[in-house]
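Step one of this worksheet: look at the structure below.
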Amino acid sequence: MKKTAIIGGGASGLLCAIFCAKSGIHVDMYEQNSKCAKKILVSGNGRCNITNKNLSSNDYFSQNPCFVDFALKEFGFDAFEKFCNSIGLLLDAKDDGRVYPLSNEAKSVASLLISYTKNLGVNFHTDTKITDIKNLLNKYDSVVVATGSEAASHLGGNSDGQEFAKEVGHNIIPTYPSLVQLHLDSKAVKKMSGAKIDGEATLLINNKKELTCKGDILFTDYGVSGFAILDISQSASVALMEHSHVGISINLLPNFNAQMLSANISKVASNMPHFTILDILSGLIPLKIAQALLDELNISASTCADEINIKVAKKIANQLLNWRFEVSDTHGFRHAEVAGGGVDTTEINPKTFESLKQKNLYFCGEVLDVVGKRGGYNFAFAWASGYAAAKHIVEHSK
């Protein structure tokens, strides 16, 4: 019987183990944590955004963007759904393409995958950290590196897979945190900590607009979080790594334009002469944000409505729609959901995920220089790459 070792019990490792074991291959899975699937458990705020119905290379960032095409075509949404149905894991596809388990619970996904893998006879070696890749290559017919990246280090994220790749001569594309919060060089954010709005964040690289994303924006002690921020963070992280000047413009009220907004402020000021400017703004945005914004503009919060002329109204409206901040850093690998960079994919077979430097050695999932957008894309690539590696291992064993 052919023997395969899989290093890492995350999404790509588990799926690879399942398809290898189903075909009669002896599989040993080595996981450094006491339990597998730790990142699955925390994904999607515990709901597990398991994949996306609409998959293409446009949803991924890599120095070799077309690398994902074959795998996503071979094991795209339909194939993944068929597999899930076969093990009783029903899916719930949303209108925007995001897909969740019908249970709406990450725990049930992890539990089902682990149970099924064990039922197929896969041997789990938990609390076992592999340090010698060459020793494994000598002991097994094939070895799969599915160790993930440095992201979420508190869940075991590390650079082990890249080190293994280096040992056999692979090039490593510099890594960076992605889907991560941003640090802002501003005293105002501390005053707004905990306040949240549905707004729009525009990333500015060397003062030029790079991209704009809508969604919730949460102010924190160090800067900003929320979906709109996570969605611009990949490009921000790369720009910071390249030492570009990185800024963001926050639009607190994207449904208004400057003229509408200044007219609204003037109208309320006229109708409510005894209101303060803080009273007027608190009808539009959270109080903490209103106070910090006025401080930034050097306007006293106690300014009476009858003192607010059109010039002041315009000044406030412009700040509400285009509040600029300098980005000093990301919140780091520990807080990142995923990481970009990794093993250079020009040195990996895109159909089999076998190393072009070392026979019988495979790399799949996040250890590779492939990172997806938010919305289930990173899981989709993990499943697809795990399947592709397993398929080749099985064919090779025959």
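The chains in the structure tokens are called A, B, ... from first to last as shown; in each chain the residues are counted from 1, and the ligands are counted from 1 in the order shown.
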
Inset, instruction - Show which residues sit within 12 Å of Ala239 (chain A), as a list of chain:residue names. Count only C-alpha atoms, and ignore same-chain residues fewer than 2 positions away. - result: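 Once the adjacent positions are removed, what remains is A:Tyr176, A:Pro177, A:Ser178, A:Leu203, A:Leu204, A:Ile205, A:Asn206, A:Asn207, A:Glu210, A:Ile232, A:Ser233, A:Gln234, A:Ser235, A:Ala236, A:Ser237, A:Met241, A:Glu242, A:His243, A:Ser244, A:His245, A:Val246, A:Gly247, A:Val327, A:Ser328, A:Asp329, A:Thr330.
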
Inset, instruction - Write out as a ChimeraX atom specification each polymer residue whose atoms come within 6 Å of region 54-68 of chain A, counting only C-alpha atoms; drop sequence neighbours fewer than 5 positions from it. - result: /A:97,350,369-373

Inset, instruction - Skip Ala37 (chain A) itself and residues of its chain fewer than 6 positions away, then list as a ChimeraX atom specification all residues within 12 Å of it, counting only C-alpha atoms. - result: /A:8-15,31,43,48,106-115,117,126,146-148,155-157,379

Inset, instruction - Could you pull out the residues in region 12-169 of chain A that DSSP calls strand (DSSP E) from the backbone, as number ranges by chain? - result: A: 26-30, 51-52, 60-61, 91-93, 98-101, 123-125, 142-145

Selection export as an mmCIF file, in the first residue's frame, atoms kept: C-alpha atoms:
data_model
loop_
_atom_site.group_PDB
_atom_site.id
_atom_site.type_symbol
_atom_site.label_atom_id
_atom_site.label_comp_id
_atom_site.auth_asym_id
_atom_site.auth_seq_id
_atom_site.Cartn_x
_atom_site.Cartn_y
_atom_site.Cartn_z
ATOM 1 C CA HIS A 26 -2.442 4.956 3.690
ATOM 2 C CA VAL A 27 -2.489 8.543 5.020
ATOM 3 C CA ASP A 28 -0.698 9.914 8.076
ATOM 4 C CA MET A 29 -1.732 13.443 8.981
ATOM 5 C CA TYR A 30 0.651 15.500 11.119
ATOM 6 C CA THR A 51 -16.624 28.902 -0.561
ATOM 7 C CA ASN A 52 -18.011 31.180 -3.277
ATOM 8 C CA TYR A 60 -6.906 36.181 -6.255
ATOM 9 C CA PHE A 61 -3.598 37.999 -5.841
ATOM 10 C CA LEU A 91 -24.738 24.369 1.734
ATOM 11 C CA ASP A 92 -26.572 27.691 1.669
ATOM 12 C CA ALA A 93 -25.589 29.932 -1.273
ATOM 13 C CA ARG A 98 -21.000 33.626 -0.759
ATOM 14 C CA VAL A 99 -21.683 30.133 0.500
ATOM 15 C CA TYR A 100 -22.185 29.001 4.091
ATOM 16 C CA PRO A 101 -23.028 25.635 5.636
ATOM 17 C CA ASN A 123 -4.075 8.358 11.128
ATOM 18 C CA PHE A 124 -4.022 11.658 12.986
ATOM 19 C CA HIS A 125 -0.797 12.632 14.739
ATOM 20 C CA SER A 142 4.487 11.299 -1.257
ATOM 21 C CA VAL A 143 4.437 14.261 1.130
ATOM 22 C CA VAL A 144 1.920 17.124 1.089
ATOM 23 C CA VAL A 145 2.768 20.454 2.723
#

Inset, instruction - Work out how far apart CA of Gly342 (chain A) and CA of Ile173 (chain A) are and give it in Å to one decimal. - result: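 Going from CA of Gly342 (chain A) over to CA of Ile173 (chain A), I get 5.1 Å.
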
Inset, instruction - Could you check how far CA of Val367 (chain A) sits from CA of Ser149 (chain A), in Å to one decimal? - result: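 Those two atoms sit 5.2 Å apart.
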
Inset, instruction - Calculate how many Å separate CA of Lys288 (chain A) from CA of Lys191 (chain A), rounding to one decimal. - result: 6.8 Å
